[in-house]
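Asks: Sharing data_36.cif, mmCIF, C-alpha atoms and all ligand atoms:
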data_query
loop_
_atom_site.label_atom_id
_atom_site.label_comp_id
_atom_site.auth_asym_id
_atom_site.auth_seq_id
_atom_site.Cartn_x
_atom_site.Cartn_y
_atom_site.Cartn_z
CA MET A 1 -0.91 -3.06 -3.82
CA LYS A 2 -1.72 -2.84 -0.15
CA ILE A 3 -4.72 -4.16 1.72
CA GLN A 4 -6.35 -1.82 4.20
CA LEU A 5 -8.74 -3.70 6.45
CA ALA A 6 -11.65 -1.48 7.52
CA LEU A 7 -12.88 -2.31 11.01
CA ASP A 8 -16.35 -0.85 10.88
CA ARG A 9 -19.64 -1.46 12.66
CA LEU A 10 -17.93 -3.87 15.08
CA THR A 11 -17.51 -4.15 18.81
CA ARG A 12 -14.10 -3.69 20.43
CA GLU A 13 -13.87 -7.45 21.01
CA GLU A 14 -14.74 -8.19 17.38
CA CYS A 15 -12.04 -5.76 16.21
CA TYR A 16 -9.38 -7.62 18.21
CA THR A 17 -10.56 -11.08 17.20
CA ILE A 18 -10.59 -10.07 13.53
CA LEU A 19 -7.12 -8.52 13.77
CA GLU A 20 -5.75 -11.72 15.29
CA GLN A 21 -7.19 -13.70 12.36
CA THR A 22 -6.10 -11.33 9.60
CA GLU A 23 -3.13 -9.21 10.60
CA SER A 24 -0.46 -11.22 8.81
CA HIS A 25 -2.24 -10.67 5.47
CA ILE A 26 -3.00 -6.94 5.73
CA ASP A 27 -0.85 -3.83 5.41
CA TRP A 28 -2.93 -1.02 6.84
CA ILE A 29 -5.47 -1.21 9.67
CA GLU A 30 -8.42 1.18 9.46
CA VAL A 31 -10.28 2.04 12.62
CA GLY A 32 -13.68 2.78 11.07
CA THR A 33 -15.76 5.85 11.73
CA GLY A 34 -18.45 3.89 13.53
CA VAL A 35 -15.91 2.22 15.81
CA ILE A 36 -14.36 5.61 16.65
CA LYS A 37 -17.84 7.01 17.39
CA GLU A 38 -18.52 4.10 19.72
CA TYR A 39 -15.20 3.92 21.56
CA GLY A 40 -13.55 7.28 20.92
CA MET A 41 -9.87 7.91 20.37
CA ALA A 42 -9.09 5.29 23.02
CA ILE A 43 -9.56 2.47 20.54
CA VAL A 44 -7.21 4.11 18.03
CA ARG A 45 -4.59 4.38 20.81
CA GLU A 46 -5.14 0.77 21.92
CA ILE A 47 -4.90 -0.70 18.44
CA LYS A 48 -1.73 1.26 17.67
CA GLU A 49 -0.20 0.05 20.94
CA LYS A 50 -1.03 -3.54 20.03
CA TYR A 51 0.09 -3.26 16.38
CA PRO A 52 2.78 -0.54 16.39
CA TYR A 53 4.38 -1.87 13.19
CA LYS A 54 1.19 -1.54 11.13
CA THR A 55 0.13 1.66 9.42
CA LEU A 56 -2.98 2.81 11.25
CA VAL A 57 -5.68 4.78 9.47
CA ALA A 58 -8.18 6.61 11.69
CA ASP A 59 -11.26 7.04 9.53
CA MET A 60 -12.23 10.31 11.19
CA LYS A 61 -14.12 11.55 8.08
CA THR A 62 -13.35 15.08 9.25
CA CYS A 63 -15.35 17.81 7.52
CA ASP A 64 -14.70 20.80 9.80
CA ALA A 65 -12.49 21.74 12.74
CA GLY A 66 -9.67 20.10 10.83
CA ARG A 67 -6.75 21.12 13.01
CA HIS A 68 -8.39 19.82 16.19
CA GLU A 69 -9.53 16.50 14.73
CA ALA A 70 -6.20 15.84 13.00
CA LEU A 71 -4.38 16.39 16.28
CA GLN A 72 -6.82 14.05 18.03
CA ALA A 73 -6.10 11.30 15.51
CA PHE A 74 -2.33 11.73 15.39
CA GLU A 75 -1.92 12.08 19.15
CA ALA A 76 -3.84 8.81 19.52
CA GLY A 77 -1.30 7.11 17.24
CA ALA A 78 -2.89 7.23 13.82
CA ASP A 79 -0.42 7.38 10.94
CA ILE A 80 -3.12 8.57 8.54
CA THR A 81 -6.35 10.48 9.17
CA THR A 82 -9.24 10.92 6.73
CA VAL A 83 -10.92 14.14 5.63
CA MET A 84 -13.92 14.55 3.36
CA ALA A 85 -13.16 16.08 -0.03
CA PHE A 86 -16.17 18.42 0.19
CA SER A 87 -14.72 20.12 3.27
CA ALA A 88 -13.67 23.74 3.03
CA ASP A 89 -10.24 24.23 1.50
CA GLN A 90 -9.17 25.76 4.82
CA THR A 91 -10.09 22.53 6.64
CA ILE A 92 -8.05 20.44 4.23
CA ALA A 93 -5.11 22.86 4.36
CA ASP A 94 -5.16 22.81 8.17
CA VAL A 95 -5.19 19.01 8.36
CA LEU A 96 -2.36 18.78 5.82
CA GLU A 97 -0.33 21.25 7.88
CA VAL A 98 -0.85 19.29 11.11
CA ALA A 99 0.12 16.10 9.26
CA ARG A 100 3.28 17.66 7.85
CA ASN A 101 4.30 18.95 11.29
CA ASN A 102 3.82 15.49 12.78
CA GLU A 103 5.23 13.48 9.87
CA LYS A 104 1.86 11.86 9.27
CA ARG A 105 -0.45 11.58 6.26
CA VAL A 106 -3.94 12.58 5.20
CA MET A 107 -6.29 10.51 3.06
CA ILE A 108 -8.97 12.56 1.32
CA ASP A 109 -12.25 10.67 1.06
CA LEU A 110 -13.79 11.35 -2.36
CA LEU A 111 -17.30 10.14 -1.39
CA GLY A 112 -19.76 12.11 -3.51
CA VAL A 113 -17.11 13.84 -5.65
CA THR A 114 -17.85 13.71 -9.38
CA ASP A 115 -16.19 16.91 -10.48
CA SER A 116 -12.67 16.92 -11.87
CA HIS A 117 -12.30 20.56 -10.84
CA ARG A 118 -12.44 19.47 -7.21
CA MET A 119 -9.65 17.02 -7.94
CA ALA A 120 -7.54 19.84 -9.34
CA ASP A 121 -8.26 21.93 -6.21
CA LEU A 122 -7.18 19.04 -3.99
CA GLU A 123 -3.89 18.63 -5.83
CA GLU A 124 -3.33 22.37 -5.59
CA LEU A 125 -3.83 22.15 -1.84
CA GLY A 126 -1.06 19.55 -1.65
CA VAL A 127 -3.14 16.39 -1.30
CA ASP A 128 -1.20 13.24 -2.23
CA LEU A 129 -3.48 10.41 -1.03
CA VAL A 130 -7.16 9.98 -1.89
CA SER A 131 -9.75 7.26 -1.52
CA LEU A 132 -12.31 6.58 -4.21
CA HIS A 133 -15.26 5.65 -2.06
CA PHE A 134 -18.59 4.09 -2.98
CA GLY A 135 -20.55 4.47 0.25
CA LYS A 136 -22.25 1.82 2.34
CA ASP A 137 -25.73 3.23 1.69
CA MET A 138 -25.05 3.66 -2.02
CA GLN A 139 -24.19 -0.06 -2.11
CA LYS A 140 -27.79 -0.89 -1.13
CA LYS A 141 -28.97 0.02 -4.65
CA GLU A 142 -26.01 -0.89 -6.84
CA ALA A 143 -22.39 -1.92 -6.86
CA MET A 144 -19.41 0.36 -7.32
CA LYS A 145 -18.72 1.24 -10.95
CA LEU A 146 -15.20 1.32 -12.28
CA ASP A 147 -15.76 4.63 -14.07
CA MET A 148 -15.16 6.17 -10.64
CA PHE A 149 -11.46 5.78 -11.47
CA SER A 150 -11.76 8.45 -14.17
CA LEU A 151 -11.51 11.02 -11.36
CA VAL A 152 -7.89 10.06 -10.69
CA GLU A 153 -6.74 9.19 -14.20
CA GLU A 154 -3.82 11.35 -15.32
CA ARG A 155 -3.26 12.60 -11.80
CA SER A 156 0.06 10.94 -11.25
CA GLY A 157 0.74 12.92 -8.07
CA LEU A 158 -2.00 11.07 -6.24
CA GLU A 159 -1.71 7.77 -4.43
CA VAL A 160 -5.11 6.11 -4.82
CA ALA A 161 -7.05 3.91 -2.44
CA VAL A 162 -10.43 2.44 -3.30
CA ALA A 163 -13.32 1.36 -1.06
CA GLY A 164 -16.91 0.29 -1.26
CA GLY A 165 -18.09 -3.26 -0.95
CA ILE A 166 -14.98 -4.82 -2.47
CA SER A 167 -15.13 -8.62 -2.44
CA LEU A 168 -13.24 -11.54 -3.92
CA ASP A 169 -15.61 -11.30 -6.92
CA SER A 170 -15.02 -7.62 -7.62
CA LEU A 171 -11.31 -7.61 -6.79
CA PRO A 172 -9.98 -8.71 -10.24
CA ASP A 173 -11.61 -5.78 -12.09
CA ILE A 174 -10.39 -3.37 -9.46
CA MET A 175 -6.83 -4.66 -9.68
CA HIS A 176 -6.79 -3.77 -13.38
CA LYS A 177 -7.10 -0.15 -12.31
CA SER A 178 -3.91 -0.52 -10.24
CA PRO A 179 -4.91 1.27 -7.05
CA SER A 180 -2.18 1.60 -4.46
CA VAL A 181 -4.49 0.53 -1.62
CA VAL A 182 -7.53 -1.76 -1.69
CA ILE A 183 -9.78 -1.03 1.28
CA VAL A 184 -11.82 -4.05 2.31
CA GLY A 185 -14.45 -4.09 5.03
CA SER A 186 -17.46 -6.34 5.29
CA ALA A 187 -16.29 -8.91 2.72
CA VAL A 188 -13.74 -9.88 5.37
CA THR A 189 -15.24 -8.75 8.67
CA LYS A 190 -18.59 -10.47 8.01
CA ALA A 191 -17.09 -13.62 6.47
CA LYS A 192 -17.24 -16.90 8.33
CA ASP A 193 -13.55 -17.59 7.80
CA LYS A 194 -12.08 -14.09 7.82
CA GLY A 195 -8.46 -15.23 7.68
CA LYS A 196 -9.14 -17.37 4.63
CA VAL A 197 -10.95 -14.61 2.71
CA VAL A 198 -8.24 -12.04 3.34
CA SER A 199 -5.39 -14.45 2.60
CA THR A 200 -7.10 -15.42 -0.67
CA MET A 201 -7.41 -11.72 -1.56
CA ARG A 202 -3.73 -11.25 -0.74
CA GLY A 203 -2.84 -14.19 -2.99
CA VAL A 204 -4.93 -12.88 -5.89
CA MET A 205 -3.29 -9.45 -5.57
CA ASP A 206 0.24 -10.86 -5.31
CA ASP A 207 -0.33 -13.09 -8.37
CA TYR A 208 -1.61 -10.12 -10.35
CA GLU A 209 1.36 -7.96 -9.39
CA ASN A 210 3.86 -10.71 -10.17
CA ASN A 211 2.39 -11.08 -13.64
CA HIS A 212 2.01 -7.40 -14.62
O1 LIG B 1 -15.55 3.79 5.15
C1 LIG B 1 -16.38 2.93 5.12
C2 LIG B 1 -17.80 3.23 5.25
O2 LIG B 1 -18.01 4.60 5.28
C3 LIG B 1 -16.00 1.49 4.98
O3 LIG B 1 -15.06 1.21 5.93
C4 LIG B 1 -15.46 1.17 3.61
O4 LIG B 1 -16.45 1.47 2.65
C5 LIG B 1 -15.07 -0.30 3.47
O5 LIG B 1 -16.10 -1.14 3.89
P1 LIG B 1 -16.97 -2.09 2.90
O6 LIG B 1 -15.97 -2.94 2.15
O7 LIG B 1 -17.84 -2.89 3.82
O8 LIG B 1 -17.74 -1.17 1.99
#
What is this file in structure tokens?
Replies:
Amino acid sequence: MKIQLALDRLTREECYTILEQTESHIDWIEVGTGVIKEYGMAIVREIKEKYPYKTLVADMKTCDAGRHEALQAFEAGADITTVMAFSADQTIADVLEVARNNEKRVMIDLLGVTDSHRMADLEELGVDLVSLHFGKDMQKKEAMKLDMFSLVEERSGLEVAVAGGISLDSLPDIMHKSPSVVIVGSAVTKAKDKGKVVSTMRGVMDDYENNH
């Protein structure tokens, strides 16, 4: 199981400070949508230059103009770009094609998807990486429910990431669902001792994997 650290709703300086404190415990770095909106593709480029050995996810949340936005992300150094699952099939196909041509990957954000037919469409389009996502605003009313995982059950062709308010408390239940990537944002970025929280998460995940 990998940890993807989501750098979201942060200043440039905060992103760098947090990366210094956490980078040895994380696998993938996500440049969050809000950070990209604030600083543009420049911050994706800068972070990749500083951490070239880390997989970099640009959380573009593309929903149209797929070819253009995928090129923007990949040319800036992203290894993975994100596209919303509700986008037109053409958008998703275009982003997948750009990714293939550049030896990069696409993560499809399943925010709002409840329909297994859409999952079948995505697989048909050639999608191989998805993120189960319980959104920031949805978290204001309730916590993520594990039944979200039913969308990806019996879809062995999909690598699954999961995001949405994951904390040290909710991590054990999530691990039982064996996602490939655990995306963690504010539980780490807003913590007082960010390094400690993320290293504890890493330890909990490693222990689980060593015992299952
Ligand atoms: O993509 C996102 C918001 O759209 C977040 O980066 C993702 O949900 C992880 O952050 P948190 O753990 O704070 O929910």
Asks: Counting all atoms listed in the file, give me one row per residue of region 135-159 of chain A with an atom at most 10 Å from an atom of region 166-184 of chain A, showing the shortest contact pair and its distance in Å to one decimal, sorted by chain then residue number, as JSON lines.
Replies:
{"residue": "A:Ala143", "atom": "CA", "partner": "A:Ile166", "partner_atom": "CA", "distance": 9.1}
{"residue": "A:Met144", "atom": "CA", "partner": "A:Ile166", "partner_atom": "CA", "distance": 8.4}
{"residue": "A:Lys145", "atom": "CA", "partner": "A:Ile174", "partner_atom": "CA", "distance": 9.6}
{"residue": "A:Leu146", "atom": "CA", "partner": "A:Ile174", "partner_atom": "CA", "distance": 7.3}
{"residue": "A:Phe149", "atom": "CA", "partner": "A:Lys177", "partner_atom": "CA", "distance": 7.4}
{"residue": "A:Ser150", "atom": "CA", "partner": "A:Lys177", "partner_atom": "CA", "distance": 10.0}
{"residue": "A:Val152", "atom": "CA", "partner": "A:Pro179", "partner_atom": "CA", "distance": 10.0}
{"residue": "A:Glu153", "atom": "CA", "partner": "A:Lys177", "partner_atom": "CA", "distance": 9.5}
{"residue": "A:Leu158", "atom": "CA", "partner": "A:Ser180", "partner_atom": "CA", "distance": 9.6}
{"residue": "A:Glu159", "atom": "CA", "partner": "A:Ser180", "partner_atom": "CA", "distance": 6.2}
Asks: Figure out the distance between CA of Arg45 (chain A) and CA of Glu103 (chain A), please, to one decimal in Å.
Replies: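 So the two atoms, CA of Glu103 (chain A) and CA of Arg45 (chain A), lie 17.3 Å apart.
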Asks: Do a neighbour search on Ser131 (chain A) at 9 Å with all atoms listed in the file, toss out local chain neighbours closer than 6 positions, and write the hits as a ChimeraX atom specification.
Replies: /A:107-111,159-163,181,183
Asks: Between A:Ala120, A:Ala6, A:Ile80, A:Val44, which one has atoms that come closest to ligand LIG 1 (chain B), using only C-alpha atoms and all ligand atoms?
Replies: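 Nearest to ligand LIG 1 (chain B): A:Ala6.
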Asks: Please give me, as a PyMOL selection string, the residues lying within 7 Å of ligand LIG 1 (chain B) when counting only C-alpha atoms and all ligand atoms.
Replies: chain A and resi 6-8+32-33+59+133-136+163-166+183-187
Asks: Can you spit out the residues from that selection as a PDB file, in the coordinates of the input, using C-alpha atoms?
Replies:
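Written file, result08.pdb:
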ATOM      1  CA  ALA A   6     -11.650  -1.480   7.520  1.00  0.00           C
ATOM      2  CA  LEU A   7     -12.880  -2.310  11.010  1.00  0.00           C
ATOM      3  CA  ASP A   8     -16.350  -0.850  10.880  1.00  0.00           C
ATOM      4  CA  GLY A  32     -13.680   2.780  11.070  1.00  0.00           C
ATOM      5  CA  THR A  33     -15.760   5.850  11.730  1.00  0.00           C
ATOM      6  CA  ASP A  59     -11.260   7.040   9.530  1.00  0.00           C
ATOM      7  CA  HIS A 133     -15.260   5.650  -2.060  1.00  0.00           C
ATOM      8  CA  PHE A 134     -18.590   4.090  -2.980  1.00  0.00           C
ATOM      9  CA  GLY A 135     -20.550   4.470   0.250  1.00  0.00           C
ATOM     10  CA  LYS A 136     -22.250   1.820   2.340  1.00  0.00           C
ATOM     11  CA  ALA A 163     -13.320   1.360  -1.060  1.00  0.00           C
ATOM     12  CA  GLY A 164     -16.910   0.290  -1.260  1.00  0.00           C
ATOM     13  CA  GLY A 165     -18.090  -3.260  -0.950  1.00  0.00           C
ATOM     14  CA  ILE A 166     -14.980  -4.820  -2.470  1.00  0.00           C
ATOM     15  CA  ILE A 183      -9.780  -1.030   1.280  1.00  0.00           C
ATOM     16  CA  VAL A 184     -11.820  -4.050   2.310  1.00  0.00           C
ATOM     17  CA  GLY A 185     -14.450  -4.090   5.030  1.00  0.00           C
ATOM     18  CA  SER A 186     -17.460  -6.340   5.290  1.00  0.00           C
ATOM     19  CA  ALA A 187     -16.290  -8.910   2.720  1.00  0.00           C
TER      20      ALA A 187
END
Asks: Report as a list of chain:residue names all protein, DNA and RNA residues lying within 10 Å of region 46-50 of chain A, evaluated on all atoms listed in the file, omitting residues in the same chain fewer than 3 positions from it.
Replies: A:Arg12, A:Cys15, A:Tyr16, A:Leu19, A:Ile29, A:Glu30, A:Val31, A:Met41, A:Ala42, A:Ile43, A:Tyr53, A:Lys54, A:Thr55, A:Leu56, A:Val57, A:Ala76, A:Gly77, A:Ala78, A:Asp79
Asks: Any idea what the distance is between CA of Val127 (chain A) and CA of Val106 (chain A)?
Replies: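 For CA of Val127 (chain A) relative to CA of Val106 (chain A), the distance reads 7.6 Å.
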